[in-house]
Amino acid sequence: MAHAELNRLQACLNFALDTLRKEMDSSRLPPLSQHSSVEHPLDDPTTYLPSTALFNARCLSLACLGELKNLIQPPLDKRMDEKFSAYSAASFDTLIKTSIIDYLFDLSNPSKGIPAAELASTFGLDSQKLVPILRCCAANGWVRETHDSSFALNRCSRTFIKGHAGRRLNLSTPGFMSVVGTMPRWVTESDWKLSRSPAQTAFQIAFKTPLQRFSWVIQNPQGLIPLADHIQVLSDMSTLSIVADYSWEQLETPIIVDCGGGEGGLISAILDAHPSFQAIVQDMENVVALTSSIMKERRPRDIESGTLKVEAHDLFQSQPRIGNEYSFILRHILHDWPDEEAAAILGNVARALGPKSKILIIDMVAIPNVDSTATTSAKLFLPDGDDKHPDYCVPSHFGSASKLVSGYSVHMLSMMNGCERSLREWENLVKGCGLRLTNVYPLRAHTSVIECALDAQGLL
């Protein structure tokens, strides 16, 4: 009996894992282990950039594992798995919010573990509630159960101890689960089910507000810093790859304007790698005071010399930096917005371009999964002339390795009526603003650099 699909996936997974080992050895990286007492360099994309082959091998491995799960797992189990995933996230949130994760890290022998009863006593909790929560975390790879009802941190959870980048990911925002729960009703039953307005979404229903998300944050400033931290970490996850994988030397403009540049992390990294550029960080009035303070502390010479400037600018207003001196960055901006608002933002920048200017849209490119057997991604690993490879059977969008992209798209839909766009949708948006798409640079991250320039016809 031929098990064609199972055989192809097994061959593909073996190939991906062999490539992963080879690339890790070439990069002199230590072996991966959940029992390690230290973080692995691959755990933090804000500090380590893997080789392209290593990045792709990891994606392919996850894709194969996801397809194997889809192939083998009973559908009813899979549905229950999805339904209870909210409890998995809430369980790990509990370890973070109570600082149990920090307590486990600070133990004299953190790999040995500690009884749940002792943890419960220390934190004033009920051990009968804590054990199921810890076991849920263990099942999802966040902790290890070293003995019956005794638990220890594993390698991955160390990314979320106090002071580490993961701790700034604000994944337990009050009301977030209400938005998730409201989404099906908003899409199928509400008066807004056909609306594409950013002020008529699951967010407004869940939060009982007429305000769109960003306006709500401005009126509820207690959420501004956690949101800024969250966005900054998500952005930092791609910064190393943006600097390394885009051809900055081919830009013909001396000044880079980061529109909605937040705390200025990307511009700082670009100036470090390419000091010949000048730069401007633009953001809303309520953000630039913080950005200015950060830049004065981190880059005082650039601020004093005028190499780096910080200025307030509303993306829905005309871009004040006009002409051939400027190229512009829009990172994680347009995916927030529906097409009409995204076109307004992009059009304001487009009207400021000179013939040599570029717009760099840094966002995810959603890949339609039109044929689950048609991917050519795995062939990127093969040496030239090597035609002895298995018949791969993984999704064209890397399946499980792209869950963050598809999940983020539904999140932006629910919050703002935004989405992660496909290449065709990006081309339509760009063309509608009098621009042409000149290149797309894949990154060693979930995002890409979508490079645009003024169309030869110009703007009417």
# chains A, B, ... in the order shown; residues from 1 in each chain; ligands from 1
>>> residues_around(residues="segment 206-218 of chain A", least_positions_apart="6", cutoff="12 Å", atoms="only C-alpha atoms", output="ChimeraX atom specification")
/A:173-186,197-200,224-228,284-287,336-337,412-418
>>> write_last_selection(atoms="N, CA and C atoms", output="compact mmCIF listing (two decimals), in the first residue's frame")
# COMPACT_ATOMS: atom_id res chain seq x y z
N THR A 173 -3.56 42.01 26.77
CA THR A 173 -4.28 43.27 26.87
C THR A 173 -5.71 43.04 27.35
N PRO A 174 -6.15 43.76 28.38
CA PRO A 174 -7.55 43.62 28.81
C PRO A 174 -8.50 43.87 27.64
N GLY A 175 -9.45 42.99 27.45
CA GLY A 175 -10.41 43.13 26.38
C GLY A 175 -10.04 42.40 25.10
N PHE A 176 -8.79 41.92 25.00
CA PHE A 176 -8.36 41.27 23.77
C PHE A 176 -9.21 40.04 23.47
N MET A 177 -9.43 39.19 24.49
CA MET A 177 -10.21 37.97 24.26
C MET A 177 -11.66 38.31 23.93
N SER A 178 -12.13 39.47 24.41
CA SER A 178 -13.49 39.90 24.04
C SER A 178 -13.59 40.19 22.56
N VAL A 179 -12.52 40.78 22.00
CA VAL A 179 -12.49 41.04 20.56
C VAL A 179 -12.53 39.73 19.79
N VAL A 180 -11.72 38.77 20.24
CA VAL A 180 -11.69 37.45 19.59
C VAL A 180 -13.07 36.80 19.63
N GLY A 181 -13.70 36.84 20.79
CA GLY A 181 -15.02 36.23 20.93
C GLY A 181 -16.11 36.93 20.14
N THR A 182 -15.93 38.23 19.92
CA THR A 182 -16.93 39.02 19.20
C THR A 182 -16.81 38.87 17.69
N MET A 183 -15.63 38.51 17.21
CA MET A 183 -15.37 38.50 15.77
C MET A 183 -16.39 37.71 14.95
N PRO A 184 -16.75 36.46 15.30
CA PRO A 184 -17.72 35.73 14.47
C PRO A 184 -19.06 36.46 14.34
N ARG A 185 -19.56 37.01 15.45
CA ARG A 185 -20.84 37.73 15.41
C ARG A 185 -20.73 38.99 14.57
N TRP A 186 -19.60 39.71 14.68
CA TRP A 186 -19.39 40.92 13.89
C TRP A 186 -19.42 40.60 12.39
N SER A 197 -15.26 50.05 7.43
CA SER A 197 -14.77 51.21 8.18
C SER A 197 -13.92 50.75 9.36
N PRO A 198 -12.82 51.45 9.66
CA PRO A 198 -12.01 51.11 10.83
C PRO A 198 -12.70 51.44 12.14
N ALA A 199 -13.84 52.14 12.07
CA ALA A 199 -14.61 52.48 13.28
C ALA A 199 -15.85 51.62 13.44
N GLN A 200 -15.93 50.53 12.64
CA GLN A 200 -17.07 49.62 12.73
C GLN A 200 -16.57 48.19 12.69
N LEU A 224 -1.11 53.34 26.29
CA LEU A 224 -0.21 53.79 25.23
C LEU A 224 1.17 53.15 25.34
N ILE A 225 1.77 53.18 26.53
CA ILE A 225 3.13 52.65 26.68
C ILE A 225 3.16 51.14 26.45
N PRO A 226 2.23 50.35 27.04
CA PRO A 226 2.23 48.92 26.72
C PRO A 226 2.05 48.65 25.23
N LEU A 227 1.19 49.43 24.56
CA LEU A 227 0.99 49.23 23.12
C LEU A 227 2.26 49.59 22.36
N ALA A 228 2.91 50.70 22.75
CA ALA A 228 4.15 51.11 22.08
C ALA A 228 5.24 50.06 22.27
N MET A 284 3.15 60.65 15.48
CA MET A 284 2.13 61.53 16.02
C MET A 284 2.68 62.36 17.17
N GLU A 285 1.99 63.46 17.44
CA GLU A 285 2.43 64.41 18.46
C GLU A 285 2.64 63.74 19.81
N ASN A 286 1.76 62.79 20.15
CA ASN A 286 1.84 62.17 21.47
C ASN A 286 2.95 61.12 21.56
N VAL A 287 3.64 60.85 20.44
CA VAL A 287 4.72 59.86 20.42
C VAL A 287 6.09 60.51 20.32
N ASP A 336 -2.57 48.11 9.02
CA ASP A 336 -3.56 48.51 10.03
C ASP A 336 -4.89 48.93 9.39
N TRP A 337 -4.82 49.37 8.13
CA TRP A 337 -5.94 50.12 7.57
C TRP A 337 -6.61 49.42 6.40
N MET A 412 -5.84 42.12 12.58
CA MET A 412 -5.98 43.47 12.03
C MET A 412 -7.38 43.69 11.47
N LEU A 413 -7.97 42.64 10.91
CA LEU A 413 -9.35 42.72 10.44
C LEU A 413 -10.29 43.05 11.60
N SER A 414 -10.12 42.35 12.71
CA SER A 414 -11.02 42.52 13.84
C SER A 414 -10.83 43.85 14.55
N MET A 415 -9.61 44.37 14.53
CA MET A 415 -9.31 45.61 15.24
C MET A 415 -9.59 46.86 14.41
N MET A 416 -9.28 46.80 13.09
CA MET A 416 -9.32 48.02 12.28
C MET A 416 -9.91 47.83 10.88
N ASN A 417 -10.38 46.61 10.56
CA ASN A 417 -10.78 46.28 9.20
C ASN A 417 -9.58 46.29 8.25
N GLY A 418 -8.39 46.14 8.82
CA GLY A 418 -7.18 46.03 8.00
C GLY A 418 -6.93 44.58 7.64
>>> select_by_dssp(residues="segment 61-306 of chain A", states="alpha helix (DSSP H)", output="PyMOL selection string")
chain A and resi 61-72+75-83+85-97+100-106+116-123+127-139+176-188+202-207+213-219+224-245+265-273+285-298+300-305
>>> closest_residue(among="A:Leu454, A:Gln278, A:Ala117, A:Ala344", to="Gly323 of chain A", atoms="only C-alpha atoms")
A:Leu454
>>> residues_around(residues="segment 27-38 of chain A", least_positions_apart="4", cutoff="7 Å", atoms="only C-alpha atoms", output="PDB file with N, CA, C and O atoms, in the first residue's frame")
ATOM      1  N   GLU A  23      23.353  23.843   8.660  1.00  0.00           N
ATOM      2  CA  GLU A  23      23.487  25.297   8.735  1.00  0.00           C
ATOM      3  C   GLU A  23      23.839  25.757  10.150  1.00  0.00           C
ATOM      4  O   GLU A  23      24.592  26.717  10.326  1.00  0.00           O
ATOM      5  N   SER A 111      17.071  24.188  36.712  1.00  0.00           N
ATOM      6  CA  SER A 111      16.736  23.026  35.901  1.00  0.00           C
ATOM      7  C   SER A 111      16.121  21.902  36.723  1.00  0.00           C
ATOM      8  O   SER A 111      15.507  20.978  36.182  1.00  0.00           O
ATOM      9  N   ASN A 154      11.951  25.838  30.850  1.00  0.00           N
ATOM     10  CA  ASN A 154      12.763  25.303  29.762  1.00  0.00           C
ATOM     11  C   ASN A 154      13.409  26.467  29.019  1.00  0.00           C
ATOM     12  O   ASN A 154      13.298  27.632  29.430  1.00  0.00           O
ATOM     13  N   ARG A 155      14.065  26.163  27.923  1.00  0.00           N
ATOM     14  CA  ARG A 155      14.825  27.191  27.225  1.00  0.00           C
ATOM     15  C   ARG A 155      13.931  28.311  26.688  1.00  0.00           C
ATOM     16  O   ARG A 155      14.229  29.502  26.837  1.00  0.00           O
TER      17      ARG A 155
END
>>> closest_residue(among="A:Lys309, A:Asn109, A:Gly124, A:Thr188", to="Thr201 of chain A", atoms="only C-alpha atoms")
A:Thr188
>>> residues_around(residues="segment 401-410 of chain A", least_positions_apart="6", cutoff="6 Å", atoms="only C-alpha atoms", output="list in words")
Cys59, Leu62, Ala63, Cys419 and Glu420 of chain A
>>> select_by_dssp(residues="segment 247-426 of chain A", states="strand (DSSP E or B)", output="PyMOL selection string")
chain A and resi 255-259+278-283+308-312+323+326-331+353+359-363+366+422
>>> closest_residue(among="A:Lys358, A:Lys69, A:Lys193, A:Arg135", to="Ile205 of chain A", atoms="only C-alpha atoms")
A:Lys193
>>> atom_distance(atom1="atom CA of Ile256 of chain A", atom2="atom CA of His313 of chain A")
14.9 Å
>>> closest_residue(among="A:Asp148, A:Glu451, A:Asp18, A:Asp236", to="Thr438 of chain A", atoms="only C-alpha atoms")
A:Glu451
>>> residues_around(residues="Gly265 of chain A", least_positions_apart="4", cutoff="8 Å", atoms="only C-alpha atoms", output="list in words")
Gln232, Asp236, Thr239, Gly261 and Ala269 of chain A
>>> write_last_selection(atoms="N, CA, C and O atoms", output="CSV table (one decimal), in the first residue's frame")
chain,number,residue,atom,x,y,z
A,232,GLN,N,6.9,47.9,19.3
A,232,GLN,CA,8.3,48.0,19.1
A,232,GLN,C,9.0,46.7,19.1
A,232,GLN,O,9.9,46.4,18.3
A,236,ASP,N,11.1,45.2,16.1
A,236,ASP,CA,12.5,44.8,16.3
A,236,ASP,C,12.8,43.4,15.8
A,236,ASP,O,13.9,43.1,15.4
A,239,THR,N,14.1,44.0,12.3
A,239,THR,CA,15.1,45.1,12.1
A,239,THR,C,16.4,44.6,11.5
A,239,THR,O,16.9,45.1,10.5
A,261,GLY,N,7.6,56.2,12.6
A,261,GLY,CA,8.8,55.4,13.0
A,261,GLY,C,8.9,55.1,14.5
A,261,GLY,O,9.9,54.6,14.9
A,269,ALA,N,19.3,51.6,13.5
A,269,ALA,CA,20.0,50.5,13.0
A,269,ALA,C,20.5,50.8,11.6
A,269,ALA,O,21.6,50.4,11.2
>>> residues_around(residues="Leu234 of chain A", least_positions_apart="4", cutoff="12 Å", atoms="only C-alpha atoms", output="list in words")
Asp44, Pro45, Thr46, Ala165, Gly166, Arg167, Arg168, Leu169, Asn170, Leu171, Leu227, Ala228, Asp229, His230, Ser238, Thr239, Gly262, Gly265, Leu266, Arg331, His332, Asp363, Leu404, Tyr408, Ala445, His446 and Thr447 of chain A
>>> write_last_selection(atoms="C-alpha atoms", output="PDB file, in the first residue's frame")
ATOM      1  CA  ASP A  44      15.683  36.037  19.805  1.00  0.00           C
ATOM      2  CA  PRO A  45      15.432  37.555  16.305  1.00  0.00           C
ATOM      3  CA  THR A  46      16.087  41.011  17.805  1.00  0.00           C
ATOM      4  CA  ALA A 165      12.356  41.399  24.811  1.00  0.00           C
ATOM      5  CA  GLY A 166       9.520  38.899  25.039  1.00  0.00           C
ATOM      6  CA  ARG A 167       8.300  40.443  28.284  1.00  0.00           C
ATOM      7  CA  ARG A 168       7.371  43.595  26.384  1.00  0.00           C
ATOM      8  CA  LEU A 169       4.989  41.709  24.103  1.00  0.00           C
ATOM      9  CA  ASN A 170       1.660  42.831  25.482  1.00  0.00           C
ATOM     10  CA  LEU A 171      -0.326  39.721  24.601  1.00  0.00           C
ATOM     11  CA  LEU A 227       0.992  49.235  23.120  1.00  0.00           C
ATOM     12  CA  ALA A 228       4.152  51.110  22.080  1.00  0.00           C
ATOM     13  CA  ASP A 229       6.318  48.457  23.741  1.00  0.00           C
ATOM     14  CA  HIS A 230       4.376  45.687  22.036  1.00  0.00           C
ATOM     15  CA  SER A 238      12.601  42.194  11.628  1.00  0.00           C
ATOM     16  CA  THR A 239      15.085  45.067  12.058  1.00  0.00           C
ATOM     17  CA  GLY A 262       7.872  55.060  16.685  1.00  0.00           C
ATOM     18  CA  GLY A 265      14.809  51.719  16.436  1.00  0.00           C
ATOM     19  CA  LEU A 266      14.874  51.007  12.698  1.00  0.00           C
ATOM     20  CA  ARG A 331       6.781  49.841   8.358  1.00  0.00           C
ATOM     21  CA  HIS A 332       3.763  48.054   9.823  1.00  0.00           C
ATOM     22  CA  ASP A 363       4.836  44.588   5.807  1.00  0.00           C
ATOM     23  CA  LEU A 404       1.579  34.287  12.503  1.00  0.00           C
ATOM     24  CA  TYR A 408      -2.188  38.691  12.346  1.00  0.00           C
ATOM     25  CA  ALA A 445      11.440  37.479   9.031  1.00  0.00           C
ATOM     26  CA  HIS A 446       7.697  37.314   8.443  1.00  0.00           C
ATOM     27  CA  THR A 447       7.793  40.631   6.563  1.00  0.00           C
TER      28      THR A 447
END
>>> closest_residue(among="A:Met237, A:Leu437, A:Ile345, A:Ala453", to="Glu252 of chain A", atoms="only C-alpha atoms")
A:Ala453
>>> decode(residues="segment 191-260 of chain A", atoms="C-alpha atoms", output="compact mmCIF listing (two decimals), in the first residue's frame")
# COMPACT_ATOMS: atom_id res chain seq x y z
CA ASP A 191 -25.21 45.66 11.38
CA TRP A 192 -21.58 46.24 10.38
CA LYS A 193 -21.00 42.88 8.72
CA LEU A 194 -20.61 44.56 5.29
CA SER A 195 -18.80 47.65 6.56
CA ARG A 196 -15.10 48.20 5.89
CA SER A 197 -14.77 51.21 8.18
CA PRO A 198 -12.01 51.11 10.83
CA ALA A 199 -14.61 52.48 13.28
CA GLN A 200 -17.07 49.62 12.73
CA THR A 201 -15.25 46.48 13.81
CA ALA A 202 -15.23 43.81 16.49
CA PHE A 203 -13.05 46.20 18.53
CA GLN A 204 -15.84 48.79 18.88
CA ILE A 205 -18.37 46.11 19.82
CA ALA A 206 -16.10 44.46 22.40
CA PHE A 207 -14.89 47.73 23.94
CA LYS A 208 -18.31 49.42 23.69
CA THR A 209 -16.84 52.54 22.07
CA PRO A 210 -17.51 54.55 18.88
CA LEU A 211 -13.79 55.31 18.60
CA GLN A 212 -11.44 53.52 16.25
CA ARG A 213 -8.57 51.76 17.96
CA PHE A 214 -5.88 54.47 17.81
CA SER A 215 -8.28 57.21 18.89
CA TRP A 216 -9.33 55.02 21.81
CA VAL A 217 -5.69 54.59 22.88
CA ILE A 218 -5.16 58.37 22.84
CA GLN A 219 -8.16 58.81 25.15
CA ASN A 220 -6.96 55.94 27.36
CA PRO A 221 -3.27 56.80 27.76
CA GLN A 222 -2.69 54.03 30.32
CA GLY A 223 -2.61 51.70 27.33
CA LEU A 224 -0.21 53.79 25.23
CA ILE A 225 3.13 52.65 26.68
CA PRO A 226 2.23 48.92 26.72
CA LEU A 227 0.99 49.23 23.12
CA ALA A 228 4.15 51.11 22.08
CA ASP A 229 6.32 48.46 23.74
CA HIS A 230 4.38 45.69 22.04
CA ILE A 231 4.66 47.29 18.59
CA GLN A 232 8.35 48.04 19.14
CA VAL A 233 9.19 44.41 19.92
CA LEU A 234 7.21 43.18 16.90
CA SER A 235 9.12 45.70 14.78
CA ASP A 236 12.50 44.81 16.28
CA MET A 237 11.95 41.19 15.26
CA SER A 238 12.60 42.19 11.63
CA THR A 239 15.08 45.07 12.06
CA LEU A 240 18.29 43.03 11.64
CA SER A 241 16.96 41.45 8.46
CA ILE A 242 15.74 44.76 7.02
CA VAL A 243 19.19 46.29 7.44
CA ALA A 244 20.97 43.22 6.04
CA ASP A 245 18.63 42.08 3.25
CA TYR A 246 17.60 45.33 1.55
CA SER A 247 20.04 46.98 -0.87
CA TRP A 248 20.39 50.31 0.93
CA GLU A 249 23.42 51.29 -1.16
CA GLN A 250 21.26 51.57 -4.29
CA LEU A 251 19.09 54.35 -2.82
CA GLU A 252 19.83 57.60 -4.64
CA THR A 253 18.41 59.89 -1.97
CA PRO A 254 20.52 61.20 0.92
CA ILE A 255 17.68 61.37 3.49
CA ILE A 256 15.45 58.55 4.76
CA VAL A 257 12.13 59.46 6.37
CA ASP A 258 10.63 56.79 8.64
CA CYS A 259 6.90 57.60 8.64
CA GLY A 260 5.30 56.39 11.85
